[in-house]
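K.L.:
This structure is in structure tokens; I'll ask about it shortly.
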Number of protein chains: 2
Amino acid sequence: MEIAVLNDKILPLSDLDPVYFDRGTFFGDGVYEVIRSYNGRIFALEDHLNRFSRSLAEIRITAVNIDDVRQRVLKAFESASIGNARIYFHITRGSAPRDHRWTDDLKPNFFLTVTDLPDSTQSKLNGVAVITYPDLRWKRCDIKSLNLLPNVLARQDAAQKGAKEAILVNEAGFITEGAASSFFAVFGKTVRTAPLQDNILPSITRKYVLQAALNARLTVAEKHFTPAEAMKADELFIAVTTQDIVGVVKFDDKVIGCGKPGNITKQLEEAFLKFTK
Amino acid sequence: MEIAVLNDKILPLSDLDPVYFDRGTFFGDGVYEVIRSYNGRIFALEDHLNRFSRSLAEIRITAVNIDDVRQRVLKAFESASIGNARIYFHITRGSAPRDHRWTDDLKPNFFLTVTDLPDSTQSKLNGVAVITYPDLRWKRCDIKSLNLLPNVLARQDAAQKGAKEAILVNEAGFITEGAASSFFAVFGKTVRTAPLQDNILPSITRKYVLQAALNARLTVAEKHFTPAEAMKADELFIAVTTQDIVGVVKFDDKVIGCGKPGNITKQLEEAFLKFTK
């Protein structure tokens, strides 16, 4: 008889809950988004839904209506009634006996949580330390997929070294992005970040940061740079949905600027917050 | 209140079953093995357990006793009482609220199934078609992890083109391995396959195939080759736990040899089966 084992429990395979056959677990065969609200208002919902829609299409999960996703997000956000919320959701291709290949009758699984957003006041005030880590990820990081083991290993290494984020460096020696953030360097009046062509996520926060920089009459350069160049920057910062802009004051062992978030970083933070109102 | 949504159902986050917080689903943060039995005997159990142990160590899942895994595998196999069984198992780092970083108190989740092995007689008799596909995987394919989305996309493309397997080609233009198999070419009396250094899985079937080749006084060359070279091979075959050796008779649009599995392939199949008895 075909059977399954869950930890120490043996049961007939046919009794297993479909959640255990989720292709999300077998293969990471799904895509996700993280959205946040500021004081009861969701920020950049349509940007995130557009990107989610693209991620689904790229991995050919076709049986999803994005209007349904929008309604679920809005309904969940309303039910939770959390002013500063973090909304995580993913869709996997569905549940089926393990086979890399899929059939078109699969019903996608939708999962979402609305949770309190951790406070990032101290990080923003004091800045954070980052470390560099090899970019081990696959070649389609433009897709926001559940294949995140390299990101997990990178961020754990950062945590163990007392840093908040791992900045990924590709085989050519260039910084791509943070393991869960975009990465920026300020040289004089120029804000620099890797181009989207560099196998990075089309970050929505990145898009608004670059807009904020242009609004502030700074120069924007989408051009990659090395860790050695980053160490010589006037300012460094990361950008991520859940914390928007956070100054980086230590890069590996090098203290950046005067060890506090820089003026342009702060200026961009303020400019960014205007978009969220 | 923090909440979760499962498809259309809204519930308090605290009511959610821990299975929905499995890091296997959030990140693919786990490793797996597939073992098979031949006529009631498990083949190469210790090889698989050794590799599993290494995979766990490489992603730093430390709270697993490999003797417990062995006992669970043996007990499950005995309970199922299937002569030609496929035994799949994975361990994920555990269940926790979503955060890339982990804490050492997590309890790993163990999942296993014993199922009937699909019959591969026809594939072995007639040979199979394969297609080439870009190797999009991460840079640690020596770890048998749950990050398998590139493999899924490759094998689905193969299926849609009427092929049984996708043969992955890296950026340098060399074949690495199949999306779920090892890949071999026979040139005269030489059996050639990519070296383990080429970011491929240390396949256990591959190991026994190479031993079978040496026993048969063939030359073994662990040296990579291109799709153009593969098309000129006398014979091609794939090797995978669930089917051991299967001749490849079509490579993209090119018919290999006389369109039937070759003599050396058949000779290796027979030699391989001796190991399983």
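To be explicit about the labels: the chains of the structure tokens are called A, B, and onward in the order shown, and within each one the residues are counted from 1, while ligands get numbers from 1 in the order they are shown.
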Dump as a ChimeraX atom specification the residues of chain A that approach chain B to within 7 Å, counting only C-alpha atoms.
P.N.:
/A:1-7,24-29,80-82,100-102,109-116,136-139,146-149,152,155-156
K.L.:
Can you write just those residues out, C-alpha atoms, as a CSV table (one decimal), in the first residue's frame?
P.N.:
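As a result, again.csv now contains:
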```csv
chain,number,residue,atom,x,y,z
A,1,MET,CA,0.0,0.0,0.0
A,2,GLU,CA,1.3,3.5,-0.8
A,3,ILE,CA,2.0,5.4,2.4
A,4,ALA,CA,3.3,8.6,3.7
A,5,VAL,CA,5.3,9.5,6.8
A,6,LEU,CA,4.9,12.9,8.6
A,7,ASN,CA,7.7,13.1,11.2
A,24,GLY,CA,5.4,25.1,-3.5
A,25,THR,CA,7.2,22.7,-1.1
A,26,PHE,CA,8.4,20.0,-3.5
A,27,PHE,CA,9.8,22.5,-6.0
A,28,GLY,CA,9.3,26.1,-4.8
A,29,ASP,CA,6.9,26.2,-7.8
A,80,ALA,CA,-7.0,42.7,10.0
A,81,SER,CA,-7.4,46.4,10.6
A,82,ILE,CA,-3.7,47.0,11.2
A,100,HIS,CA,8.3,18.1,-12.1
A,101,ARG,CA,5.9,18.3,-15.0
A,102,TRP,CA,2.5,19.7,-14.4
A,109,ASN,CA,-3.0,27.5,-3.9
A,110,PHE,CA,-3.3,31.0,-2.5
A,111,PHE,CA,-1.8,31.9,0.8
A,112,LEU,CA,-1.7,35.3,2.5
A,113,THR,CA,-0.9,36.8,5.9
A,114,VAL,CA,-1.4,40.2,7.3
A,115,THR,CA,0.9,40.9,10.2
A,116,ASP,CA,2.2,43.8,12.3
A,136,LEU,CA,24.5,32.1,-5.8
A,137,ARG,CA,21.0,32.6,-7.2
A,138,TRP,CA,19.5,31.2,-10.4
A,139,LYS,CA,19.4,33.2,-13.6
A,146,LEU,CA,9.8,30.8,-3.8
A,147,ASN,CA,13.3,29.5,-4.7
A,148,LEU,CA,15.0,31.5,-2.0
A,149,LEU,CA,17.5,29.1,-0.4
A,152,VAL,CA,18.3,32.4,3.2
A,155,ARG,CA,21.0,36.5,5.2
A,156,GLN,CA,21.8,34.0,7.9
```
K.L.:
Mind listing the helix (DSSP H, G or I) residues of region 17-197 of chain B, per DSSP on the backbone, as an NGL selection string?
P.N.:
:B and (18-21 or 23-27 or 45-58 or 66-80 or 121-126 or 149-160)
K.L.:
If DSSP is run on the backbone, what residues of region 86-132 of chain A are strand (DSSP E or B)? A reply as a PyMOL selection string would be ideal.
P.N.:
chain A and resi 86-92+95+109-116+128-132
K.L.:
Can you pull out every residue within 8 Å of Val248 (chain B), counting only C-alpha atoms, but drop anything in the same chain fewer than 4 positions away, and send it as a VMD selection string?
P.N.:
chain B and resid 127 to 130 235 to 238 256 261
K.L.:
Considering only C-alpha atoms, return as a list in words whatever protein or nucleic-acid residues lie within 10 Å of Asp104 (chain A), sequence-local ones (same chain, fewer than 5 positions apart) excluded.
P.N.:
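Those residues are Ile61, Thr62, Ala63 and Arg93 of chain A.
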K.L.:
Can you tell me, as a VMD selection string, what residues are no more than 9 Å from region 187-202 of chain B when counting only C-alpha atoms, ignoring any on the same chain fewer than 6 positions away?
P.N.:
chain B and resid 51 138 to 144 174 to 177 210 213 217 to 225 232 to 235 264
K.L.:
One decimal, in Å: what's the spacing between CA of Ala96 (chain A) and CA of Leu56 (chain B)?
P.N.:
25.4 Å
K.L.:
So how far away is CA of Ile35 (chain B) from CA of Leu125 (chain B), in Å?
P.N.:
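So the answer is 22.6 Å.
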